[in-house]
$ cat query38.cif   # mmCIF, C-alpha atoms
data_work
loop_
_atom_site.label_atom_id
_atom_site.label_comp_id
_atom_site.auth_asym_id
_atom_site.auth_seq_id
_atom_site.Cartn_x
_atom_site.Cartn_y
_atom_site.Cartn_z
CA MET U 412 80.76 25.09 -135.01
CA THR U 413 83.70 23.21 -136.54
CA ALA U 414 82.65 24.25 -140.04
CA LEU U 415 82.35 27.86 -138.92
CA LEU U 416 85.80 28.02 -137.38
CA THR U 417 87.50 26.50 -140.42
CA SER U 418 85.80 28.75 -142.97
CA PRO U 419 87.16 32.10 -144.22
CA PRO U 420 85.54 35.33 -143.09
CA PRO U 421 82.26 36.04 -144.90
CA THR U 422 82.51 38.33 -147.90
CA SER U 423 80.36 41.35 -148.50
CA GLY U 424 76.91 40.35 -149.65
CA SER U 425 77.28 36.73 -148.56
CA LYS U 426 73.98 34.99 -147.95
CA GLY U 427 72.98 32.17 -145.70
CA PRO U 428 70.41 31.15 -143.10
CA ARG U 429 69.70 34.19 -140.94
CA GLU U 430 66.91 32.95 -138.68
CA LEU U 431 68.52 34.81 -135.78
CA ALA U 432 69.13 38.04 -137.67
CA HIS U 433 66.47 39.93 -135.69
CA LEU U 434 68.25 39.38 -132.36
CA THR U 435 70.64 41.88 -130.76
CA ASP U 436 74.34 41.08 -130.47
CA GLU U 437 73.94 40.72 -126.71
CA ALA U 438 71.05 38.28 -127.11
CA LEU U 439 73.15 36.19 -129.50
CA ILE U 440 76.00 36.01 -127.00
CA SER U 441 73.51 34.77 -124.39
CA LEU U 442 72.50 32.00 -126.80
CA VAL U 443 76.13 31.15 -127.48
CA ALA U 444 76.59 30.79 -123.72
CA SER U 445 73.97 28.02 -123.87
CA SER U 446 75.92 26.28 -126.67
CA ASP U 447 73.83 27.55 -129.58
CA ASP U 448 76.15 27.29 -132.58
CA GLY U 449 73.58 29.00 -134.80
CA ALA U 450 73.97 32.12 -132.69
CA LEU U 451 77.75 31.90 -133.07
CA ALA U 452 77.33 31.63 -136.84
CA GLU U 453 75.13 34.72 -136.84
CA LEU U 454 77.74 36.68 -134.87
CA TYR U 455 80.37 35.48 -137.34
CA ASP U 456 78.22 36.75 -140.22
CA ARG U 457 77.94 40.13 -138.53
CA PHE U 458 81.53 40.60 -137.41
CA GLY U 459 83.65 38.21 -139.48
CA ARG U 460 84.78 40.75 -142.09
CA VAL U 461 85.50 43.52 -139.60
CA ALA U 462 87.31 41.03 -137.33
CA TYR U 463 89.42 39.84 -140.24
CA GLY U 464 90.25 43.42 -141.22
CA LEU U 465 91.38 44.18 -137.69
CA ALA U 466 93.51 41.02 -137.50
CA LEU U 467 95.04 41.66 -140.93
CA ARG U 468 95.93 45.22 -139.93
CA ILE U 469 97.90 43.88 -136.97
CA LEU U 470 99.41 40.74 -138.53
CA ARG U 471 99.76 41.74 -142.21
CA ASP U 472 99.44 38.09 -143.14
CA GLU U 473 96.19 36.66 -144.51
CA ALA U 474 96.61 33.13 -143.13
CA LEU U 475 97.59 34.38 -139.68
CA ALA U 476 94.70 36.85 -139.71
CA GLN U 477 92.26 33.99 -140.43
CA ASP U 478 93.84 32.01 -137.59
CA ALA U 479 93.40 34.95 -135.22
CA VAL U 480 89.72 35.33 -136.12
CA GLN U 481 89.05 31.62 -135.73
CA GLU U 482 90.81 31.51 -132.36
CA ALA U 483 88.89 34.58 -131.21
CA PHE U 484 85.52 33.06 -132.09
CA LEU U 485 86.54 29.83 -130.42
CA ALA U 486 87.34 31.89 -127.31
CA LEU U 487 83.94 33.55 -127.65
CA TRP U 488 82.31 30.09 -127.74
CA HIS U 489 84.04 29.09 -124.51
CA SER U 490 83.69 32.38 -122.63
CA ALA U 491 80.32 33.78 -123.72
CA ASP U 492 78.91 33.15 -120.24
CA ARG U 493 81.42 35.67 -118.85
CA PHE U 494 80.28 38.54 -121.08
CA LEU U 495 78.85 41.47 -119.09
CA ALA U 496 76.72 43.84 -121.16
CA GLU U 497 77.03 46.59 -118.55
CA ARG U 498 80.82 46.72 -118.98
CA ALA U 499 81.09 46.83 -122.79
CA LYS U 500 79.14 46.55 -125.99
CA ALA U 501 79.05 43.09 -127.53
CA SER U 502 80.81 44.36 -130.65
CA THR U 503 83.64 45.87 -128.59
CA TRP U 504 84.02 42.68 -126.56
CA ILE U 505 84.19 40.50 -129.67
CA LEU U 506 86.71 42.70 -131.44
CA THR U 507 88.78 42.91 -128.28
CA LEU U 508 89.03 39.11 -128.37
CA VAL U 509 90.20 39.36 -131.98
CA HIS U 510 92.76 42.03 -131.08
CA ARG U 511 94.16 39.97 -128.21
CA ARG U 512 94.48 36.85 -130.36
CA SER U 513 96.18 38.86 -133.09
CA VAL U 514 98.71 40.30 -130.63
CA ASP U 515 99.30 36.80 -129.25
CA LEU U 516 100.03 35.54 -132.77
CA VAL U 517 102.45 38.42 -133.37
CA ARG U 518 104.38 37.41 -130.27
CA ARG U 519 104.23 33.72 -131.21
CA GLU U 520 105.58 34.43 -134.68
CA ASP U 521 108.28 36.70 -133.27
CA ARG U 522 109.55 33.81 -131.16
CA ARG U 523 109.29 31.33 -134.01
CA ARG U 524 111.07 33.47 -136.58
CA GLY U 525 113.58 34.99 -134.21
CA GLU U 526 112.79 38.50 -135.39
CA PRO U 527 109.82 40.84 -134.90
CA LEU U 528 106.96 40.22 -137.27
CA GLU U 529 106.55 43.99 -137.51
CA ARG U 530 109.86 44.14 -139.42
CA ALA U 531 108.57 41.92 -142.21
CA PRO U 532 108.06 43.77 -145.50
CA GLU U 533 104.62 45.30 -145.58
CA ALA U 534 102.57 44.56 -148.66
CA ALA U 535 101.39 47.58 -150.58
CA THR U 536 97.76 48.05 -149.69
CA THR U 537 95.17 50.75 -149.94
CA SER U 538 92.85 51.88 -147.20
CA THR U 539 89.85 49.57 -147.00
CA ALA U 540 86.56 49.50 -145.17
CA GLU U 541 88.13 46.92 -142.85
CA ASP U 542 91.00 49.32 -142.05
CA GLU U 543 88.54 52.06 -141.21
CA ALA U 544 86.49 49.64 -139.09
CA ALA U 545 89.60 48.61 -137.18
CA LEU U 546 90.46 52.23 -136.42
CA GLY U 547 86.86 52.87 -135.45
CA PHE U 548 86.99 49.92 -133.08
CA GLN U 549 90.10 51.27 -131.38
CA ARG U 550 88.48 54.68 -130.97
CA ARG U 551 85.37 53.09 -129.42
CA VAL U 552 87.47 51.14 -126.93
CA VAL U 553 89.30 54.32 -125.88
CA GLN U 554 86.00 56.19 -125.57
CA GLU U 555 84.46 53.45 -123.45
CA ALA U 556 87.54 53.38 -121.23
CA LEU U 557 87.32 57.15 -120.81
CA ARG U 558 83.68 56.86 -119.75
CA ARG U 559 84.74 54.55 -116.93
CA LEU U 560 87.04 57.19 -115.40
CA PRO U 561 85.87 59.55 -112.63
CA ALA U 562 84.26 62.64 -114.19
CA GLU U 563 87.02 65.04 -113.07
CA GLN U 564 89.79 62.85 -114.49
CA ARG U 565 87.91 62.29 -117.74
CA GLU U 566 87.32 66.03 -118.17
CA ALA U 567 90.99 66.84 -117.63
CA LEU U 568 92.16 64.20 -120.12
CA GLU U 569 89.61 65.08 -122.79
CA LEU U 570 90.36 68.81 -122.59
CA GLY U 571 94.10 68.26 -122.31
CA TYR U 572 94.78 65.52 -124.85
CA TYR U 573 91.86 65.90 -127.22
CA GLY U 574 91.06 69.59 -126.69
CA GLY U 575 94.68 70.66 -126.99
CA LEU U 576 94.77 72.70 -123.77
CA THR U 577 97.96 72.94 -121.71
CA GLN U 578 97.84 72.10 -118.02
CA SER U 579 98.07 75.80 -117.17
CA GLU U 580 95.17 76.57 -119.51
CA LEU U 581 93.21 73.73 -117.94
CA ALA U 582 93.82 75.08 -114.46
CA GLU U 583 92.59 78.52 -115.53
CA ARG U 584 89.58 77.16 -117.40
CA LEU U 585 88.48 74.84 -114.60
CA GLY U 586 89.36 77.21 -111.78
CA GLN U 587 91.63 74.66 -110.09
CA PRO U 588 95.24 74.82 -108.84
CA LEU U 589 97.82 73.62 -111.36
CA GLY U 590 98.89 70.86 -108.96
CA THR U 591 95.32 69.54 -108.83
CA ILE U 592 95.14 69.41 -112.63
CA LYS U 593 98.46 67.58 -112.86
CA SER U 594 97.29 65.07 -110.24
CA ARG U 595 93.99 64.46 -112.04
CA MET U 596 95.69 63.92 -115.38
CA PHE U 597 98.32 61.60 -113.95
CA ALA U 598 95.75 59.49 -112.08
CA GLY U 599 93.38 59.43 -115.06
CA LEU U 600 96.10 58.47 -117.52
CA THR U 601 97.33 55.71 -115.21
CA GLN U 602 93.84 54.23 -114.90
CA LEU U 603 93.18 54.64 -118.63
CA ARG U 604 96.43 52.85 -119.41
CA ASP U 605 95.36 49.94 -117.21
CA LEU U 606 91.93 49.73 -118.88
CA LEU U 607 93.39 49.77 -122.37
CA ALA U 608 96.09 47.26 -121.45
CA GLN U 609 93.32 44.87 -120.39
CA ALA U 610 91.88 45.23 -123.88
CA GLY U 611 95.30 44.87 -125.54
CA LEU U 612 95.11 48.46 -126.82
CA GLU U 613 97.56 50.38 -124.68
CA GLU U 614 99.24 51.65 -127.86
CA SER U 615 96.04 53.61 -128.59
CA LEU U 616 96.81 56.05 -125.76
CA PRO U 617 97.46 59.64 -126.86
CA THR U 618 101.09 60.71 -126.75
#
$ encode --input "query38.cif" --output "structure tokens"
Amino acid sequence: MTALLTSPPPTSGSKGPRELAHLTDEALISLVASSDDGALAELYDRFGRVAYGLALRILRDEALAQDAVQEAFLALWHSADRFLAERAKASTWILTLVHRRSVDLVRREDRRRGEPLERAPEAATTSTAEDEAALGFQRRVVQEALRRLPAEQREALELGYYGGLTQSELAERLGQPLGTIKSRMFAGLTQLRDLLAQAGLEESLPT
């Protein structure tokens, strides 16, 4: 495990022992919970590049991004027994750990440098597969959070924020009083904000 956590993220096409490659992500996390470092290595092979891309998108610093990924996989090693498959996909859970560690490092560096890390000059980069994967991860987290809302609240938010309907149009379409629609949207958005804050993704809320 020490070698894993001190190595850079795997590159595309990297090869290595993949005896556990046939197992699902969830099965691998169960093995990690029983201190199987081979299972952790397999998860790292699967998610290392995407995790690094997500961390780099947040931190914009290669060394800090590697630190965030390593700390996230160390957290996975110590908390795998608390993973609940019925609450989230394994991939979402792992990348949420990476996102949280990245945000923690942003705050740590802000305090150390005395100015927000976000104000540091941003290197000129082009869109990469890792960027797209990071955005895809954020969308999946929002979608999973939406699925956990009561059906009426989820419908109002999806039609309002993602369908582009006004509250008056929603009331007419759903055959409900305007006050009821406003109440549903307020309650749903409040709960959604709490769910995304738990995942460190509150900034992904629609505005």
$ resolve_selection --input "query38.cif" --expression "the PyMOL selection byres ((chain U and resi 487) around 9)" --output "mmCIF file with C-alpha atoms, in the frame of the given file"
data_model
loop_
_atom_site.group_PDB
_atom_site.id
_atom_site.type_symbol
_atom_site.label_atom_id
_atom_site.label_comp_id
_atom_site.auth_asym_id
_atom_site.auth_seq_id
_atom_site.Cartn_x
_atom_site.Cartn_y
_atom_site.Cartn_z
ATOM 1 C CA ILE U 440 76.000 36.010 -127.000
ATOM 2 C CA VAL U 443 76.130 31.150 -127.480
ATOM 3 C CA ALA U 444 76.590 30.790 -123.720
ATOM 4 C CA LEU U 451 77.750 31.900 -133.070
ATOM 5 C CA GLU U 482 90.810 31.510 -132.360
ATOM 6 C CA ALA U 483 88.890 34.580 -131.210
ATOM 7 C CA PHE U 484 85.520 33.060 -132.090
ATOM 8 C CA LEU U 485 86.540 29.830 -130.420
ATOM 9 C CA ALA U 486 87.340 31.890 -127.310
ATOM 10 C CA TRP U 488 82.310 30.090 -127.740
ATOM 11 C CA HIS U 489 84.040 29.090 -124.510
ATOM 12 C CA SER U 490 83.690 32.380 -122.630
ATOM 13 C CA ALA U 491 80.320 33.780 -123.720
ATOM 14 C CA ASP U 492 78.910 33.150 -120.240
ATOM 15 C CA ILE U 505 84.190 40.500 -129.670
ATOM 16 C CA LEU U 508 89.030 39.110 -128.370
#
$ residues_around --input "query38.cif" --residues "stretch 476-480 of chain U" --least-positions-apart "4" --cutoff "10 Å" --atoms "all atoms listed in the file" --output "MDAnalysis selection string"
chainID U and resid 416:420 455 458:472 484:486 505:506 508:517
$ atom_distance --input "query38.cif" --atom1 "atom CA of U:Leu576" --atom2 "atom CA of U:Leu589"
12.8 Å
$ atom_distance --input "query38.cif" --atom1 "atom CA of U:Glu555" --atom2 "atom CA of U:Ala499"
7.5 Å
$ closest_residue --input "query38.cif" --among "U:Arg493, U:Thr577, U:Ala562, U:Ala432" --to "U:Ser445" --atoms "all atoms listed in the file"
U:Arg493
$ decode --input "query38.cif" --residues "stretch 571-609 of chain U" --atoms "N, CA and C atoms" --output "PDB file, in the first residue's frame"
ATOM      1  N   GLY U 571     -38.203  22.856 -13.464  1.00  0.00           N
ATOM      2  CA  GLY U 571     -37.913  24.268 -13.295  1.00  0.00           C
ATOM      3  C   GLY U 571     -36.499  24.642 -13.699  1.00  0.00           C
ATOM      4  N   TYR U 572     -35.508  23.954 -13.126  1.00  0.00           N
ATOM      5  CA  TYR U 572     -34.117  24.334 -13.363  1.00  0.00           C
ATOM      6  C   TYR U 572     -33.565  23.755 -14.659  1.00  0.00           C
ATOM      7  N   TYR U 573     -33.919  22.509 -14.942  1.00  0.00           N
ATOM      8  CA  TYR U 573     -33.343  21.860 -16.113  1.00  0.00           C
ATOM      9  C   TYR U 573     -34.287  21.877 -17.314  1.00  0.00           C
ATOM     10  N   GLY U 574     -35.589  22.049 -17.063  1.00  0.00           N
ATOM     11  CA  GLY U 574     -36.543  22.136 -18.164  1.00  0.00           C
ATOM     12  C   GLY U 574     -36.834  23.561 -18.583  1.00  0.00           C
ATOM     13  N   GLY U 575     -36.395  24.518 -17.766  1.00  0.00           N
ATOM     14  CA  GLY U 575     -36.535  25.917 -18.128  1.00  0.00           C
ATOM     15  C   GLY U 575     -37.918  26.506 -17.911  1.00  0.00           C
ATOM     16  N   LEU U 576     -38.784  25.816 -17.158  1.00  0.00           N
ATOM     17  CA  LEU U 576     -40.129  26.335 -16.915  1.00  0.00           C
ATOM     18  C   LEU U 576     -40.126  27.302 -15.737  1.00  0.00           C
ATOM     19  N   THR U 577     -40.943  28.369 -15.835  1.00  0.00           N
ATOM     20  CA  THR U 577     -41.111  29.267 -14.704  1.00  0.00           C
ATOM     21  C   THR U 577     -42.015  28.601 -13.679  1.00  0.00           C
ATOM     22  N   GLN U 578     -42.063  29.174 -12.479  1.00  0.00           N
ATOM     23  CA  GLN U 578     -42.912  28.599 -11.445  1.00  0.00           C
ATOM     24  C   GLN U 578     -44.385  28.664 -11.854  1.00  0.00           C
ATOM     25  N   SER U 579     -44.772  29.724 -12.526  1.00  0.00           N
ATOM     26  CA  SER U 579     -46.166  29.824 -12.999  1.00  0.00           C
ATOM     27  C   SER U 579     -46.462  28.747 -14.043  1.00  0.00           C
ATOM     28  N   GLU U 580     -45.521  28.532 -14.941  1.00  0.00           N
ATOM     29  CA  GLU U 580     -45.698  27.491 -15.959  1.00  0.00           C
ATOM     30  C   GLU U 580     -45.751  26.111 -15.326  1.00  0.00           C
ATOM     31  N   LEU U 581     -44.937  25.928 -14.274  1.00  0.00           N
ATOM     32  CA  LEU U 581     -44.958  24.652 -13.547  1.00  0.00           C
ATOM     33  C   LEU U 581     -46.318  24.423 -12.903  1.00  0.00           C
ATOM     34  N   ALA U 582     -46.827  25.454 -12.267  1.00  0.00           N
ATOM     35  CA  ALA U 582     -48.126  25.336 -11.598  1.00  0.00           C
ATOM     36  C   ALA U 582     -49.210  24.944 -12.596  1.00  0.00           C
ATOM     37  N   GLU U 583     -49.168  25.572 -13.777  1.00  0.00           N
ATOM     38  CA  GLU U 583     -50.171  25.264 -14.800  1.00  0.00           C
ATOM     39  C   GLU U 583     -49.984  23.844 -15.337  1.00  0.00           C
ATOM     40  N   ARG U 584     -48.730  23.476 -15.579  1.00  0.00           N
ATOM     41  CA  ARG U 584     -48.461  22.153 -16.148  1.00  0.00           C
ATOM     42  C   ARG U 584     -48.816  21.038 -15.180  1.00  0.00           C
ATOM     43  N   LEU U 585     -48.528  21.235 -13.900  1.00  0.00           N
ATOM     44  CA  LEU U 585     -48.756  20.190 -12.909  1.00  0.00           C
ATOM     45  C   LEU U 585     -50.133  20.281 -12.262  1.00  0.00           C
ATOM     46  N   GLY U 586     -50.864  21.344 -12.574  1.00  0.00           N
ATOM     47  CA  GLY U 586     -52.193  21.488 -12.004  1.00  0.00           C
ATOM     48  C   GLY U 586     -52.177  21.719 -10.501  1.00  0.00           C
ATOM     49  N   GLN U 587     -51.187  22.489 -10.032  1.00  0.00           N
ATOM     50  CA  GLN U 587     -51.039  22.765  -8.604  1.00  0.00           C
ATOM     51  C   GLN U 587     -51.025  24.276  -8.367  1.00  0.00           C
ATOM     52  N   PRO U 588     -51.439  24.715  -7.171  1.00  0.00           N
ATOM     53  CA  PRO U 588     -51.362  26.146  -6.846  1.00  0.00           C
ATOM     54  C   PRO U 588     -49.913  26.629  -6.903  1.00  0.00           C
ATOM     55  N   LEU U 589     -49.732  27.891  -7.267  1.00  0.00           N
ATOM     56  CA  LEU U 589     -48.396  28.457  -7.360  1.00  0.00           C
ATOM     57  C   LEU U 589     -47.655  28.352  -6.026  1.00  0.00           C
ATOM     58  N   GLY U 590     -48.364  28.571  -4.925  1.00  0.00           N
ATOM     59  CA  GLY U 590     -47.733  28.472  -3.606  1.00  0.00           C
ATOM     60  C   GLY U 590     -47.193  27.076  -3.337  1.00  0.00           C
ATOM     61  N   THR U 591     -47.908  26.057  -3.787  1.00  0.00           N
ATOM     62  CA  THR U 591     -47.455  24.675  -3.607  1.00  0.00           C
ATOM     63  C   THR U 591     -46.175  24.431  -4.384  1.00  0.00           C
ATOM     64  N   ILE U 592     -46.098  24.935  -5.612  1.00  0.00           N
ATOM     65  CA  ILE U 592     -44.907  24.776  -6.436  1.00  0.00           C
ATOM     66  C   ILE U 592     -43.706  25.468  -5.790  1.00  0.00           C
ATOM     67  N   LYS U 593     -43.937  26.686  -5.308  1.00  0.00           N
ATOM     68  CA  LYS U 593     -42.842  27.423  -4.655  1.00  0.00           C
ATOM     69  C   LYS U 593     -42.338  26.659  -3.437  1.00  0.00           C
ATOM     70  N   SER U 594     -43.265  26.101  -2.655  1.00  0.00           N
ATOM     71  CA  SER U 594     -42.896  25.355  -1.457  1.00  0.00           C
ATOM     72  C   SER U 594     -42.097  24.109  -1.822  1.00  0.00           C
ATOM     73  N   ARG U 595     -42.542  23.396  -2.856  1.00  0.00           N
ATOM     74  CA  ARG U 595     -41.827  22.189  -3.275  1.00  0.00           C
ATOM     75  C   ARG U 595     -40.412  22.514  -3.737  1.00  0.00           C
ATOM     76  N   MET U 596     -40.283  23.576  -4.504  1.00  0.00           N
ATOM     77  CA  MET U 596     -38.968  23.931  -5.034  1.00  0.00           C
ATOM     78  C   MET U 596     -38.035  24.397  -3.925  1.00  0.00           C
ATOM     79  N   PHE U 597     -38.571  25.160  -2.983  1.00  0.00           N
ATOM     80  CA  PHE U 597     -37.742  25.633  -1.880  1.00  0.00           C
ATOM     81  C   PHE U 597     -37.266  24.458  -1.024  1.00  0.00           C
ATOM     82  N   ALA U 598     -38.198  23.561  -0.673  1.00  0.00           N
ATOM     83  CA  ALA U 598     -37.835  22.409   0.157  1.00  0.00           C
ATOM     84  C   ALA U 598     -36.874  21.491  -0.577  1.00  0.00           C
ATOM     85  N   GLY U 599     -37.131  21.269  -1.874  1.00  0.00           N
ATOM     86  CA  GLY U 599     -36.252  20.393  -2.649  1.00  0.00           C
ATOM     87  C   GLY U 599     -34.863  20.970  -2.797  1.00  0.00           C
ATOM     88  N   LEU U 600     -34.776  22.281  -3.064  1.00  0.00           N
ATOM     89  CA  LEU U 600     -33.469  22.910  -3.230  1.00  0.00           C
ATOM     90  C   LEU U 600     -32.692  22.908  -1.918  1.00  0.00           C
ATOM     91  N   THR U 601     -33.395  23.103  -0.808  1.00  0.00           N
ATOM     92  CA  THR U 601     -32.732  23.071   0.500  1.00  0.00           C
ATOM     93  C   THR U 601     -32.139  21.691   0.776  1.00  0.00           C
ATOM     94  N   GLN U 602     -32.926  20.648   0.516  1.00  0.00           N
ATOM     95  CA  GLN U 602     -32.435  19.292   0.747  1.00  0.00           C
ATOM     96  C   GLN U 602     -31.315  18.938  -0.230  1.00  0.00           C
ATOM     97  N   LEU U 603     -31.455  19.368  -1.483  1.00  0.00           N
ATOM     98  CA  LEU U 603     -30.418  19.102  -2.474  1.00  0.00           C
ATOM     99  C   LEU U 603     -29.113  19.786  -2.093  1.00  0.00           C
ATOM    100  N   ARG U 604     -29.226  21.012  -1.587  1.00  0.00           N
ATOM    101  CA  ARG U 604     -28.030  21.732  -1.155  1.00  0.00           C
ATOM    102  C   ARG U 604     -27.320  20.978  -0.023  1.00  0.00           C
ATOM    103  N   ASP U 605     -28.092  20.436   0.903  1.00  0.00           N
ATOM    104  CA  ASP U 605     -27.500  19.675   2.001  1.00  0.00           C
ATOM    105  C   ASP U 605     -26.794  18.423   1.485  1.00  0.00           C
ATOM    106  N   LEU U 606     -27.422  17.714   0.553  1.00  0.00           N
ATOM    107  CA  LEU U 606     -26.838  16.491   0.005  1.00  0.00           C
ATOM    108  C   LEU U 606     -25.544  16.782  -0.746  1.00  0.00           C
ATOM    109  N   LEU U 607     -25.536  17.850  -1.527  1.00  0.00           N
ATOM    110  CA  LEU U 607     -24.342  18.188  -2.284  1.00  0.00           C
ATOM    111  C   LEU U 607     -23.251  18.744  -1.387  1.00  0.00           C
ATOM    112  N   ALA U 608     -23.638  19.448  -0.326  1.00  0.00           N
ATOM    113  CA  ALA U 608     -22.638  19.945   0.622  1.00  0.00           C
ATOM    114  C   ALA U 608     -21.922  18.776   1.298  1.00  0.00           C
ATOM    115  N   GLN U 609     -22.648  17.711   1.578  1.00  0.00           N
ATOM    116  CA  GLN U 609     -22.029  16.523   2.176  1.00  0.00           C
ATOM    117  C   GLN U 609     -20.987  15.931   1.248  1.00  0.00           C
TER     118      GLN U 609
END
